[in-house]
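Report on the following structure.
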Amino acid sequence: METTIALPREVVFEYLLDIANHAEFTDHYLVDWRLLREDPRGVGAGARFRVKAPLNRFAWADATIAEIETPYRIVEHGRGGKFNRVRMLGTYTLSPGPSGTTRVQYGLETEPVLPSDRLLEGLGGAAWARHQAGKSMRRLRTILEEDRDRGRRPSVAGR
């Protein structure tokens with residue numbers, strides 16, 4: 001999934017570096033966000049959220065910023081599914097585009113453990129996630145370029 005945003009790469013990178021901002025452009029399928037610490041920026045910042053997928057009985061998942069290459073790449077590690085056994089890896093890659101724009105690419109990899117997890121992913125779970133991530137890239141562009149359609153920022157868990 002990718003989009004081109006009419007802003008400099010450093011501006012887009014700073015926005016994505018704050019995991020609380022991710023709730024704004026993903027709230028159509030990731031809801032009930034709770035931050036895992038007070039500082040939502042940088043390595044170690046994380047959040048727990050619920051995935052609004054069809055027929056999803058084990059909806060809670062989490063993501064934590066694990067690696068940063070300023071202003072080029074942000075890597076998130078996470079887990080979801082039953083007993084949090086499905087590993088997830090999300091990567092935002094930012095590259096300069098023409099005339100001061102930024103090309104943002106997002107990749108999501110999952111590592112289902114059991115055959116039942118692989119079956120659910122194969123029966124449409126992966127395609128559904130790709131579709132939702134594509135929509136979130138379009139929402140990211142709208143939020144940053146036009147400052148509209150913002151979702152609600154999450155709070156720290158327990159507050």
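Scheme for the structure tokens: letters A, B, ... for chains in order shown; per-chain residue numbers from 1; ligand numbers from 1 in order shown.
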
Under the rule of at most 6 Å, produce a per-residue listing of range 76-148 of chain A near range 25-38 of chain A: chain, number, name, the closest pair of atoms, and the distance in Å, as a tab-separated table, using only C-alpha atoms.
residue	atom	partner	partner_atom	distance
A:Ser136	CA	A:Thr26	CA	5.3
A:Arg139	CA	A:Phe25	CA	5.3
A:Leu140	CA	A:Phe25	CA	5.3

At most 10 Å is the cut-off: for each residue in range 70-150 of chain A with any atom that close to an atom of range 43-47 of chain A, write down the nearest atom pair and the distance in Å rounded to one decimal, counting only C-alpha atoms, chain first then increasing number, as JSON lines.
{"residue": "A:Ile74", "atom": "CA", "partner": "A:Val43", "partner_atom": "CA", "distance": 9.1}
{"residue": "A:Val75", "atom": "CA", "partner": "A:Val43", "partner_atom": "CA", "distance": 9.1}
{"residue": "A:Glu76", "atom": "CA", "partner": "A:Gly46", "partner_atom": "CA", "distance": 8.6}
{"residue": "A:His77", "atom": "CA", "partner": "A:Gly46", "partner_atom": "CA", "distance": 9.2}
{"residue": "A:Gly78", "atom": "CA", "partner": "A:Gly46", "partner_atom": "CA", "distance": 8.9}

Exercise. Chain A: which residues are strand (DSSP E) by DSSP, as a VMD selection string?
Worked result: chain A and resid 2 to 5 30 to 35 46 to 51 60 to 69 73 to 80 86 to 96 102 to 111 155 to 156

For the selection you just gave me, I'd like the residues written to a file as a PDB file, in the first residue's frame, keeping C-alpha atoms.
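Done, and the output landed in out-v8.pdb:
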ATOM      1  CA  GLU A   2       1.296   3.417  -0.806  1.00  0.00           C
ATOM      2  CA  THR A   3       0.326   7.025  -1.217  1.00  0.00           C
ATOM      3  CA  THR A   4       1.991  10.297  -2.135  1.00  0.00           C
ATOM      4  CA  ILE A   5       1.553  13.187   0.286  1.00  0.00           C
ATOM      5  CA  LEU A  30      -8.673  -0.386  14.465  1.00  0.00           C
ATOM      6  CA  VAL A  31     -10.695   0.941  17.404  1.00  0.00           C
ATOM      7  CA  ASP A  32     -10.543   1.371  21.195  1.00  0.00           C
ATOM      8  CA  TRP A  33      -6.902   2.488  21.128  1.00  0.00           C
ATOM      9  CA  ARG A  34      -4.974   2.610  24.421  1.00  0.00           C
ATOM     10  CA  LEU A  35      -1.416   3.854  24.639  1.00  0.00           C
ATOM     11  CA  GLY A  46       3.132   1.284  21.736  1.00  0.00           C
ATOM     12  CA  ALA A  47      -0.614   0.888  21.707  1.00  0.00           C
ATOM     13  CA  ARG A  48      -3.247  -1.785  22.172  1.00  0.00           C
ATOM     14  CA  PHE A  49      -6.372  -1.725  20.017  1.00  0.00           C
ATOM     15  CA  ARG A  50      -9.269  -3.827  18.796  1.00  0.00           C
ATOM     16  CA  VAL A  51      -9.423  -5.024  15.185  1.00  0.00           C
ATOM     17  CA  TRP A  60      -7.322  -7.353  20.553  1.00  0.00           C
ATOM     18  CA  ALA A  61      -3.860  -6.638  19.154  1.00  0.00           C
ATOM     19  CA  ASP A  62      -0.906  -4.423  19.939  1.00  0.00           C
ATOM     20  CA  ALA A  63       1.884  -2.638  18.117  1.00  0.00           C
ATOM     21  CA  THR A  64       5.122  -1.103  19.355  1.00  0.00           C
ATOM     22  CA  ILE A  65       7.599   1.045  17.470  1.00  0.00           C
ATOM     23  CA  ALA A  66      10.727  -1.116  17.352  1.00  0.00           C
ATOM     24  CA  GLU A  67      13.063   0.583  14.878  1.00  0.00           C
ATOM     25  CA  ILE A  68      13.527   4.063  13.456  1.00  0.00           C
ATOM     26  CA  GLU A  69      15.720   5.276  10.598  1.00  0.00           C
ATOM     27  CA  ARG A  73      11.678   4.156   7.970  1.00  0.00           C
ATOM     28  CA  ILE A  74       9.550   3.202  10.995  1.00  0.00           C
ATOM     29  CA  VAL A  75       9.123  -0.455  11.961  1.00  0.00           C
ATOM     30  CA  GLU A  76       6.394  -1.678  14.313  1.00  0.00           C
ATOM     31  CA  HIS A  77       6.299  -5.113  15.935  1.00  0.00           C
ATOM     32  CA  GLY A  78       3.010  -6.434  17.231  1.00  0.00           C
ATOM     33  CA  ARG A  79       0.882  -9.400  18.102  1.00  0.00           C
ATOM     34  CA  GLY A  80      -2.767 -10.275  17.754  1.00  0.00           C
ATOM     35  CA  VAL A  86       0.064 -14.139  15.596  1.00  0.00           C
ATOM     36  CA  ARG A  87       3.145 -11.970  15.136  1.00  0.00           C
ATOM     37  CA  MET A  88       2.813  -8.815  13.061  1.00  0.00           C
ATOM     38  CA  LEU A  89       5.398  -6.587  11.425  1.00  0.00           C
ATOM     39  CA  GLY A  90       4.392  -3.208  10.016  1.00  0.00           C
ATOM     40  CA  THR A  91       6.836  -1.014   8.092  1.00  0.00           C
ATOM     41  CA  TYR A  92       6.412   2.584   6.943  1.00  0.00           C
ATOM     42  CA  THR A  93       8.970   3.585   4.316  1.00  0.00           C
ATOM     43  CA  LEU A  94       9.171   7.245   3.290  1.00  0.00           C
ATOM     44  CA  SER A  95      10.963   8.421   0.181  1.00  0.00           C
ATOM     45  CA  PRO A  96      11.143  11.881  -1.350  1.00  0.00           C
ATOM     46  CA  THR A 102       6.645  12.264   0.089  1.00  0.00           C
ATOM     47  CA  ARG A 103       5.931   8.743  -1.079  1.00  0.00           C
ATOM     48  CA  VAL A 104       4.742   6.619   1.858  1.00  0.00           C
ATOM     49  CA  GLN A 105       4.754   2.836   1.531  1.00  0.00           C
ATOM     50  CA  TYR A 106       3.230   0.606   4.197  1.00  0.00           C
ATOM     51  CA  GLY A 107       3.816  -3.115   4.437  1.00  0.00           C
ATOM     52  CA  LEU A 108       2.194  -5.520   6.881  1.00  0.00           C
ATOM     53  CA  GLU A 109       3.451  -9.045   7.427  1.00  0.00           C
ATOM     54  CA  THR A 110       1.858 -11.603   9.713  1.00  0.00           C
ATOM     55  CA  GLU A 111       3.193 -14.877  11.023  1.00  0.00           C
ATOM     56  CA  SER A 155      -5.213   8.064  25.874  1.00  0.00           C
ATOM     57  CA  VAL A 156      -2.898   6.109  28.108  1.00  0.00           C
TER      58      VAL A 156
END

For this session: Report the residues of chain A whose backbone DSSP state falls under helix (DSSP H, G or I), written as a VMD selection string.
Result: chain A and resid 9 to 17 19 to 26 82 to 84 98 to 100 115 to 146
